[in-house]
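What follows is a single structure, written as C-alpha cells, with notes after it.
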Amino acid sequence: MLDTIGGTPLVELSRLAPKPGVRLFAKLEGQNPSGSVKDRVARALVEECEARHALVPGSLLVEASTGNTAIALAVVAKQKGYRLKVVVPEGVAPSIGYILETLGVECVESPPMAGMRGAIELADRVARAEGGVLTGQFYSQANIDAHYQGTGREILAQLPTVTHFVAGIGTGGTVTGVARCLKDHLPDVRVIGVEPHMGEVLQGIRCVDEGFAPPLLDLDRLDGRFLVSAAQALQLCKRVAVEEGLLVGVSSGATLHVALRLAERVEAAQIVCMFADSGAKYLPANPWEAAMALDPRLDEVHWW
Ligand SMILES: Cc1ncc(COP(=O)(O)O)c(C=O)c1O
C-alpha cells in the first residue's frame with residue numbers, strides 16, 4: 001500500500017483557464033491512499049525515524065496535526081506495525097474526528113486558543129510521558145525532502161514548462177520543498193504561498209503572521225505570499241466542482257483563487273496549483289452552498 005503513495009496525476013483545468021495564453025494545472029493529491037498530500041510526508045517522517053533507529057516494532061508515534069497528517073500517519077503506522085497517538089486542535093472539521101475514530105487512532109485534543117504551537121507542545125509532553133517518538137512534521141527535514149524528491153520532481157517530469165507553482169502554507173513543507181526543486185532546474189519559475197487572512201482557519205493552512213512561523217518555511221524561496229478569504233476559497237471549490245467536475249478540499253479552492261489572480265497579471269503562463277486533498281471529508285458541513293450565497297459573514301467564520 002505504501003508503494004502507491006505519490007505519482008499523483010497533474011490535470012489541466014481547461015474550463016477554468018481565463019485567457020488563451022494561460023494554462024492552469026492541478027496536482028491531485030487527494031488520490032493518495034489516505035486522501036491527501038500528507039501520505040508523502042507521513043511515510044518520509046516515519047522512515048527518517050527508522051533510519052536513525054528510533055523505532056522498534058510496536059513503537060508509539062506521536063504527532064500534532066490538524067487532521068490530514070494524522071490520517072496519513074494512521075495508514076503508515078498500521079502498515080509498518082507502530083502505534084499512533086495524535087494531538088489535534090479542538091474545532092477542526094468534524095469529519096476528521098470521525099475518520100480518526102473509524103481508523104482506531106487515539107486522539108488528544110488541544111485547546112483551540114493555544115493554536116498549532118500549543119498542539120506541538122502538547123505532543124511533546126505526550127511523547128515524553130508515554131515514551132513515544134515524535135515524528136515532527138513541523139520541523140523534520142524529511143517533510144521538505146518528501147516534496148523535493150517526490151512532488152517537485154513529479155511536477156518537473158509532468159510539465160517541464162511550468163512557470164508558476166501555487167501551494168498553501170501549513171508546515172511550509174510543500175511550498176519549500178517544491179520551490180527548491182523547481183528553482184534548482186528552472187531558475188525563473190515563480191512560487192507563491194497561500195494563507196488565510198489573520199484569524200481565519202482553512203483546513204491545513206494558516207496565516208504565517210498570526211504568531212506561529214513554521215520553522216520549515218523558507219521565505220527566501222518564495223516569490224510572493226497571497227492572503228485568501230474563506231469565502232473566496234469556498235467559491236472556487238464550488239466552481240471547480242461545477243465547471244470541471246472535481247470535488248476538492250478547501251485549501252485547493254484557495255490555491256485556485258490565487259492562480260486566477262496571477263493569471264490576470266500575465267499574458268502567457270503554465271500555472272500549477274496544489275490540490276492538497278479531495279472534498280469528500282468536508283461534505284457533512286456543505287460549506288460550498290453557504291459560500292455561493294455570498295454571505296459576507298463567511299469572512300468571519302472558521303471553515304477549519
Ligand atoms: C488540506 C491541506 N492543504 C494544505 C496544507 C499545507 O501543506 P504544508 O503542511 O506542506 O504546508 C495542508 C497541511 O496539513 C493540508 O492539510
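For the C-alpha cells, the naming scheme is as follows: chains receive sequential letters (A, B, ...) according to their order of presentation, residues are indexed from 1 within each chain, and ligands are indexed from 1 in presentation order.
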
As a quick test: using only C-alpha atoms and all ligand atoms, which residues lie no more than 6 Å away from ligand 1? Give them as an mmCIF file with N, CA, C and O atoms, in the first residue's frame.
```
data_model
loop_
_atom_site.group_PDB
_atom_site.id
_atom_site.type_symbol
_atom_site.label_atom_id
_atom_site.label_comp_id
_atom_site.auth_asym_id
_atom_site.auth_seq_id
_atom_site.Cartn_x
_atom_site.Cartn_y
_atom_site.Cartn_z
ATOM 1 N N ASN A 68 -5.012 15.991 8.332
ATOM 2 C CA ASN A 68 -4.548 15.167 7.219
ATOM 3 C C ASN A 68 -3.302 14.365 7.569
ATOM 4 O O ASN A 68 -3.176 13.205 7.166
ATOM 5 N N GLY A 168 -0.635 26.043 -0.634
ATOM 6 C CA GLY A 168 -0.980 26.559 0.694
ATOM 7 C C GLY A 168 0.170 26.355 1.664
ATOM 8 O O GLY A 168 1.016 25.481 1.465
ATOM 9 N N ILE A 169 0.162 27.179 2.722
ATOM 10 C CA ILE A 169 1.215 27.073 3.739
ATOM 11 C C ILE A 169 0.612 26.553 5.047
ATOM 12 O O ILE A 169 -0.249 27.198 5.644
ATOM 13 N N GLY A 170 1.048 25.357 5.444
ATOM 14 C CA GLY A 170 0.679 24.814 6.745
ATOM 15 C C GLY A 170 1.969 24.661 7.531
ATOM 16 O O GLY A 170 2.394 25.554 8.265
ATOM 17 N N THR A 171 2.654 23.517 7.326
ATOM 18 C CA THR A 171 4.013 23.385 7.881
ATOM 19 C C THR A 171 5.012 24.157 7.023
ATOM 20 O O THR A 171 6.135 24.407 7.445
ATOM 21 N N GLY A 172 4.637 24.460 5.785
ATOM 22 C CA GLY A 172 5.572 25.074 4.839
ATOM 23 C C GLY A 172 6.377 24.038 4.067
ATOM 24 O O GLY A 172 7.179 24.387 3.193
ATOM 25 N N GLY A 173 6.159 22.764 4.353
ATOM 26 C CA GLY A 173 6.933 21.698 3.707
ATOM 27 C C GLY A 173 6.709 21.634 2.198
ATOM 28 O O GLY A 173 7.661 21.528 1.423
ATOM 29 N N THR A 174 5.448 21.735 1.775
ATOM 30 C CA THR A 174 5.161 21.620 0.340
ATOM 31 C C THR A 174 5.825 22.751 -0.422
ATOM 32 O O THR A 174 6.575 22.540 -1.382
ATOM 33 N N GLN A 203 -8.802 24.536 6.497
ATOM 34 C CA GLN A 203 -8.174 23.248 6.802
ATOM 35 C C GLN A 203 -6.746 23.115 6.273
ATOM 36 O O GLN A 203 -6.523 23.159 5.071
ATOM 37 N N GLY A 204 -5.821 22.976 7.199
ATOM 38 C CA GLY A 204 -4.442 22.674 6.807
ATOM 39 C C GLY A 204 -3.570 23.878 6.549
ATOM 40 O O GLY A 204 -2.355 23.755 6.536
ATOM 41 N N ILE A 205 -4.155 25.056 6.311
ATOM 42 C CA ILE A 205 -3.295 26.211 6.042
ATOM 43 C C ILE A 205 -3.558 27.327 7.062
ATOM 44 O O ILE A 205 -4.654 27.457 7.578
ATOM 45 N N SER A 251 -8.503 23.996 0.887
ATOM 46 C CA SER A 251 -7.256 24.696 0.544
ATOM 47 C C SER A 251 -7.013 24.680 -0.973
ATOM 48 O O SER A 251 -6.307 25.542 -1.506
ATOM 49 N N ALA A 276 -4.382 19.838 -2.392
ATOM 50 C CA ALA A 276 -3.790 19.002 -1.348
ATOM 51 C C ALA A 276 -4.674 17.851 -0.889
ATOM 52 O O ALA A 276 -4.176 16.848 -0.392
ATOM 53 N N ASP A 277 -5.992 18.010 -1.015
ATOM 54 C CA ASP A 277 -6.882 16.893 -0.670
ATOM 55 C C ASP A 277 -8.183 17.001 -1.445
ATOM 56 O O ASP A 277 -8.434 18.007 -2.111
#
```

Residue set, stretch 73-134 of chain A restricted to alpha helix (DSSP H), as a ChimeraX atom specification: /A:73-80,94-102,115-130

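Residue nearest A:Ser252 within the list A:Gly30, A:Gly97, A:Gly91, A:Gly58: A:Gly30 [criterion: smallest interatomic distance, only C-alpha atoms].
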
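Taking only C-alpha atoms, the non-local environment of A:Leu246 within 12 Å (same-chain residues fewer than 6 positions away omitted) comprises Val11, Glu12, Leu13, Arg15, Leu16, Ala26, Leu28, Gly30, Gln31, Leu236, Cys237, Lys238, Arg239, Val240, Ser252, Gly253, Phe275, Asp277, Ser278, Gly279 and Ala280 of chain A.
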
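Residues in contact with A:Gly115 at 12 Å, where only C-alpha atoms are counted and same-chain residues fewer than 4 positions away are skipped, are listed as Ala64, Ser65, Thr66, Val87, Val88, Pro89, Glu90, Gly91, Val92, Glu109, Ser110, Pro111, Ala119, Ile120, Glu121, Leu122, Gly199, Glu200, Val201, Arg206, Cys207, Glu210, Gly211, Phe212 and Ala213 of chain A.
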
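Among A:Arg43, A:Lys85, A:Lys27, A:Arg225, the residue with the shortest atom-to-atom distance to A:Arg190, counting only C-alpha atoms, is A:Arg225.
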
Residues near A:Ala74, anyone? I mean within 12 Å using only C-alpha atoms, not counting same-chain ones fewer than 4 positions away, as an NGL selection string. :A and (2 or 33-35 or 38-39 or 42-43 or 46 or 60-63 or 65 or 67-70 or 78-86 or 99-107)

Can you measure atom CA of A:His147 to atom CA of A:Ile192 for me? One decimal in Å is fine. 15.3 Å

Excluding A:Asp218 and any residue of its chain fewer than 3 positions from it, enumerate the residues within 9 Å of it, using only C-alpha atoms, and give them as a short mmCIF file (atom, residue, chain, number, x, y, z; two decimals) with N, CA and C atoms, in the first residue's frame.
```cif
data_model
loop_
_atom_site.label_atom_id
_atom_site.label_comp_id
_atom_site.auth_asym_id
_atom_site.auth_seq_id
_atom_site.Cartn_x
_atom_site.Cartn_y
_atom_site.Cartn_z
N GLY A 172 4.64 24.46 5.79
CA GLY A 172 5.57 25.07 4.84
C GLY A 172 6.38 24.04 4.07
N GLY A 173 6.16 22.76 4.35
CA GLY A 173 6.93 21.70 3.71
C GLY A 173 6.71 21.63 2.20
N VAL A 175 5.51 23.98 0.00
CA VAL A 175 5.96 25.13 -0.77
C VAL A 175 7.49 25.23 -0.77
N THR A 176 8.10 24.89 0.35
CA THR A 176 9.56 24.99 0.44
C THR A 176 10.25 23.89 -0.37
N PRO A 214 6.06 28.77 10.77
CA PRO A 214 6.52 27.37 10.67
C PRO A 214 8.03 27.33 10.43
N PRO A 215 8.76 26.60 11.28
CA PRO A 215 10.23 26.59 11.16
C PRO A 215 10.74 26.11 9.81
N ARG A 221 12.77 31.45 -0.61
CA ARG A 221 12.49 30.72 -1.85
C ARG A 221 11.13 31.10 -2.46
N LEU A 222 10.35 31.89 -1.72
CA LEU A 222 9.03 32.27 -2.24
C LEU A 222 9.13 33.58 -2.99
#
```

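For stretch 47-181 of chain A, the set of residues given strand (DSSP E) by DSSP on the backbone reads Leu60, Leu61, Val62, Glu63, Ala64, Arg83, Leu84, Lys85, Val86, Val87, Val88, Pro89, Glu106, Cys107, Val108, Glu109, Ser110, Val133, Leu134, His164, Phe165, Val166, Ala167 and Gly168 of chain A.
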
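Nearest residue to A:Gly6, choosing from A:Arg117, A:Arg153, A:Arg23, A:His257 and counting only C-alpha atoms: A:Arg153.
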